[in-house]
Amino acid sequence: MRKITEQRSDYDHLEKMTIRELLININQEDMKVPPAITPCIPQIEKLVEGVVTRMKEGGRMFYVGAGTSGRMGILDASEIPPTFGAPYDLVIGLIAGGDGAIRRAVEQAEDILEAGWEDLQKHHIGENDVVVGIAASGTTPYVIGALRKAREMGLLTASITCNPGSPVTKEAEIPIVPIVGPEFVTGSTRMKSGTAQKLVLNMISTAAMIRLGHVVGNKMVDMQLTNAKLVERGTLMIMEDTGIEDYDTARALLLEHGNVRDAVLAVQKDRYV
């Protein structure tokens, strides 16, 4: 049976379309992605619960993928420290072919079954860690091998793919399968499949970080102050949460304490002493 992600596009003669027609049709296809994720929420919930439980015991989460899928995992992992103030080794993205494959494809790197587990072992993977395999097609050997060995070792495993019944889903304890249908450009899984992966990863990591206490109210109180924009954002948060009206005073508090959480707590403590 031909994989859904490789099936012929519902559109033809793309080269004859106007730019407006191309954009409208791509947009119409993209609208199919969120509804495809909705049925997956119970599986995503189960994964987040497992991730939170294990992270409280010192565990980490690993994303394992190749090509676009690998890059999506690395993107999500790299955003966790600045957004939530979490350690850089709490969520780790691995891509077939190593870091060089982030920018340029590495020939046949994804076809080595043992390579995914070998890359995980470099991080001294342990029983409280979680492995999430990402593969739009669901047939990537690099991902299959990593999931298979991780599950044999008793780790919690999950997969994100857009092909139901694919090999990757059979290797993971928690298969997450948003079925987005054929791509606008036949087989180009960087499009709808990649968008689905990004949305699911957002849900997993954001929900986990919220449950681990890195968000208060609706604010990223532990975010890192890595640029002027984030300093301004943090300053405004402090003003809103404490009632301080002077921007410079709030900014000075933020820079003194290093994050919104500690600055707000310091103000609250002073008021009740």
# chains A, B, ... in the order shown; residues from 1 in each chain; ligands from 1
$ select_by_dssp --residues "range 50-233 of chain A" --states "alpha helix (DSSP H)" --output "count of residues only"
74
$ closest_atom_pairs --of "range 117-204 of chain A" --to "range 36-58 of chain A" --cutoff "9 Å" --atoms "only C-alpha atoms" --output "CSV"
residue,atom,partner,partner_atom,distance
A:Glu127,CA,A:Arg54,CA,8.9
A:Asn128,CA,A:Arg54,CA,5.2
A:Asp129,CA,A:Arg54,CA,6.7
A:Val130,CA,A:Val51,CA,6.6
A:Leu156,CA,A:Gly50,CA,7.4
A:Thr157,CA,A:Leu47,CA,8.5
A:Ala158,CA,A:Leu47,CA,7.1
A:Ile174,CA,A:Gln43,CA,6.3
A:Pro175,CA,A:Gln43,CA,7.1
A:Ile176,CA,A:Cys40,CA,6.0
A:Val177,CA,A:Cys40,CA,6.6
A:Pro178,CA,A:Ile37,CA,5.0
A:Ile179,CA,A:Ala36,CA,5.6
A:Val180,CA,A:Ala36,CA,5.8
A:Ala196,CA,A:Ile37,CA,7.2
A:Leu199,CA,A:Ile37,CA,8.3
A:Val200,CA,A:Ile37,CA,7.5
A:Met203,CA,A:Ile44,CA,7.8
A:Ile204,CA,A:Val48,CA,5.9
$ residues_around --residues "Lys269 in chain A" --least-positions-apart "6" --cutoff "12 Å" --atoms "only C-alpha atoms" --output "list of chain:residue names"
A:Thr242, A:Asp262, A:Ala263
$ closest_residue --among "A:Ile144, A:Ile125, A:Leu254, A:Leu155" --to "Asp111 in chain A" --atoms "only C-alpha atoms"
A:Ile144
$ closest_residue --among "A:Gly98, A:Pro81, A:Pro167, A:Gly243" --to "Arg148 in chain A" --atoms "only C-alpha atoms"
A:Pro167
$ closest_residue --among "A:Ile160, A:Ala250, A:Ala105, A:Ala86" --to "Gly213 in chain A" --atoms "only C-alpha atoms"
A:Ala86
$ select_by_dssp --residues "range 112-224 of chain A" --states "strand (DSSP E)" --output "list in words"
Val130, Val131, Val132, Gly133, Ile134, Leu156, Thr157, Ala158, Ser159, Ile160, Ile174, Pro175 and Ile176 of chain A
$ write_last_selection --atoms "N, CA and C atoms" --output "PDB file, in the first residue's frame"
ATOM      1  N   VAL A 130      12.964   9.878  27.944  1.00  0.00           N
ATOM      2  CA  VAL A 130      11.877   9.628  26.995  1.00  0.00           C
ATOM      3  C   VAL A 130      12.421   9.841  25.583  1.00  0.00           C
ATOM      4  N   VAL A 131      12.083   8.936  24.682  1.00  0.00           N
ATOM      5  CA  VAL A 131      12.533   9.046  23.290  1.00  0.00           C
ATOM      6  C   VAL A 131      11.315   9.223  22.388  1.00  0.00           C
ATOM      7  N   VAL A 132      11.313  10.311  21.629  1.00  0.00           N
ATOM      8  CA  VAL A 132      10.234  10.607  20.687  1.00  0.00           C
ATOM      9  C   VAL A 132      10.807  10.546  19.273  1.00  0.00           C
ATOM     10  N   GLY A 133      10.387   9.558  18.504  1.00  0.00           N
ATOM     11  CA  GLY A 133      10.844   9.419  17.126  1.00  0.00           C
ATOM     12  C   GLY A 133       9.942  10.211  16.192  1.00  0.00           C
ATOM     13  N   ILE A 134      10.547  10.996  15.308  1.00  0.00           N
ATOM     14  CA  ILE A 134       9.788  11.847  14.386  1.00  0.00           C
ATOM     15  C   ILE A 134      10.118  11.419  12.960  1.00  0.00           C
ATOM     16  N   LEU A 156      10.318   5.086  28.024  1.00  0.00           N
ATOM     17  CA  LEU A 156       9.064   5.516  27.418  1.00  0.00           C
ATOM     18  C   LEU A 156       9.355   5.996  26.002  1.00  0.00           C
ATOM     19  N   THR A 157       8.604   5.485  25.036  1.00  0.00           N
ATOM     20  CA  THR A 157       8.829   5.860  23.641  1.00  0.00           C
ATOM     21  C   THR A 157       7.542   6.353  23.006  1.00  0.00           C
ATOM     22  N   ALA A 158       7.688   7.302  22.086  1.00  0.00           N
ATOM     23  CA  ALA A 158       6.550   7.826  21.324  1.00  0.00           C
ATOM     24  C   ALA A 158       7.028   8.114  19.905  1.00  0.00           C
ATOM     25  N   SER A 159       6.082   8.214  19.000  1.00  0.00           N
ATOM     26  CA  SER A 159       6.435   8.554  17.624  1.00  0.00           C
ATOM     27  C   SER A 159       5.456   9.569  17.074  1.00  0.00           C
ATOM     28  N   ILE A 160       5.940  10.382  16.150  1.00  0.00           N
ATOM     29  CA  ILE A 160       5.091  11.339  15.440  1.00  0.00           C
ATOM     30  C   ILE A 160       5.268  11.065  13.952  1.00  0.00           C
ATOM     31  N   ILE A 174       3.685   4.981  22.415  1.00  0.00           N
ATOM     32  CA  ILE A 174       2.638   5.981  22.192  1.00  0.00           C
ATOM     33  C   ILE A 174       2.778   6.532  20.771  1.00  0.00           C
ATOM     34  N   PRO A 175       2.055   5.979  19.807  1.00  0.00           N
ATOM     35  CA  PRO A 175       2.111   6.515  18.440  1.00  0.00           C
ATOM     36  C   PRO A 175       1.157   7.706  18.278  1.00  0.00           C
ATOM     37  N   ILE A 176       1.679   8.784  17.752  1.00  0.00           N
ATOM     38  CA  ILE A 176       0.884   9.988  17.480  1.00  0.00           C
ATOM     39  C   ILE A 176       0.836  10.147  15.963  1.00  0.00           C
TER      40      ILE A 176
END
$ closest_atom_pairs --of "range 183-215 of chain A" --to "range 12-29 of chain A" --cutoff "10 Å" --atoms "only C-alpha atoms" --output "CSV"
residue,atom,partner,partner_atom,distance
A:Glu183,CA,A:Glu29,CA,7.9
A:Phe184,CA,A:Ile26,CA,6.5
A:Val185,CA,A:Leu14,CA,8.3
A:Thr186,CA,A:Asp12,CA,9.6
A:Met191,CA,A:Ile26,CA,8.9
A:Lys192,CA,A:Glu29,CA,7.4
$ closest_residue --among "A:Glu6, A:Glu171, A:Asp241, A:Asp222" --to "Ile80 in chain A" --atoms "only C-alpha atoms"
A:Asp222
$ closest_residue --among "A:Trp117, A:Lys32, A:Thr169, A:Asn259" --to "Met153 in chain A" --atoms "only C-alpha atoms"
A:Trp117
$ atom_distance --atom1 "CA of Glu245 in chain A" --atom2 "CA of Lys229 in chain A"
19.1 Å
$ closest_residue --among "A:Asn202, A:Ser193, A:Thr235, A:Thr140" --to "Asp248 in chain A" --atoms "only C-alpha atoms"
A:Thr235
$ residues_around --residues "Gly97 in chain A" --least-positions-apart "5" --cutoff "8 Å" --atoms "only C-alpha atoms" --output "PyMOL selection string"
chain A and resi 66+105-106+109-110
$ residues_around --residues "Leu120 in chain A" --least-positions-apart "5" --cutoff "9 Å" --atoms "only C-alpha atoms" --output "ChimeraX atom specification"
/A:62,64,94,115,125,131,146,150
$ write_last_selection --atoms "N, CA and C atoms" --output "tab-separated table (two decimals), in the first residue's frame"
chain	number	residue	atom	x	y	z
A	62	PHE	N	14.24	13.16	24.45
A	62	PHE	CA	15.03	13.18	23.23
A	62	PHE	C	14.11	13.11	22.02
A	64	VAL	N	14.23	12.33	18.05
A	64	VAL	CA	15.11	11.64	17.10
A	64	VAL	C	14.46	11.68	15.72
A	94	LEU	N	18.10	15.17	18.20
A	94	LEU	CA	19.13	14.45	17.46
A	94	LEU	C	18.68	14.27	16.02
A	115	ALA	N	22.26	3.63	13.95
A	115	ALA	CA	22.85	4.95	14.21
A	115	ALA	C	22.06	5.76	15.24
A	125	ILE	N	22.05	7.79	28.01
A	125	ILE	CA	20.61	7.69	28.19
A	125	ILE	C	20.26	6.73	29.31
A	131	VAL	N	12.08	8.94	24.68
A	131	VAL	CA	12.53	9.05	23.29
A	131	VAL	C	11.31	9.22	22.39
A	146	ALA	N	16.28	3.51	16.81
A	146	ALA	CA	16.37	4.19	18.09
A	146	ALA	C	15.18	3.84	18.98
A	150	ALA	N	15.34	1.65	22.45
A	150	ALA	CA	14.92	2.37	23.65
A	150	ALA	C	13.78	1.64	24.34
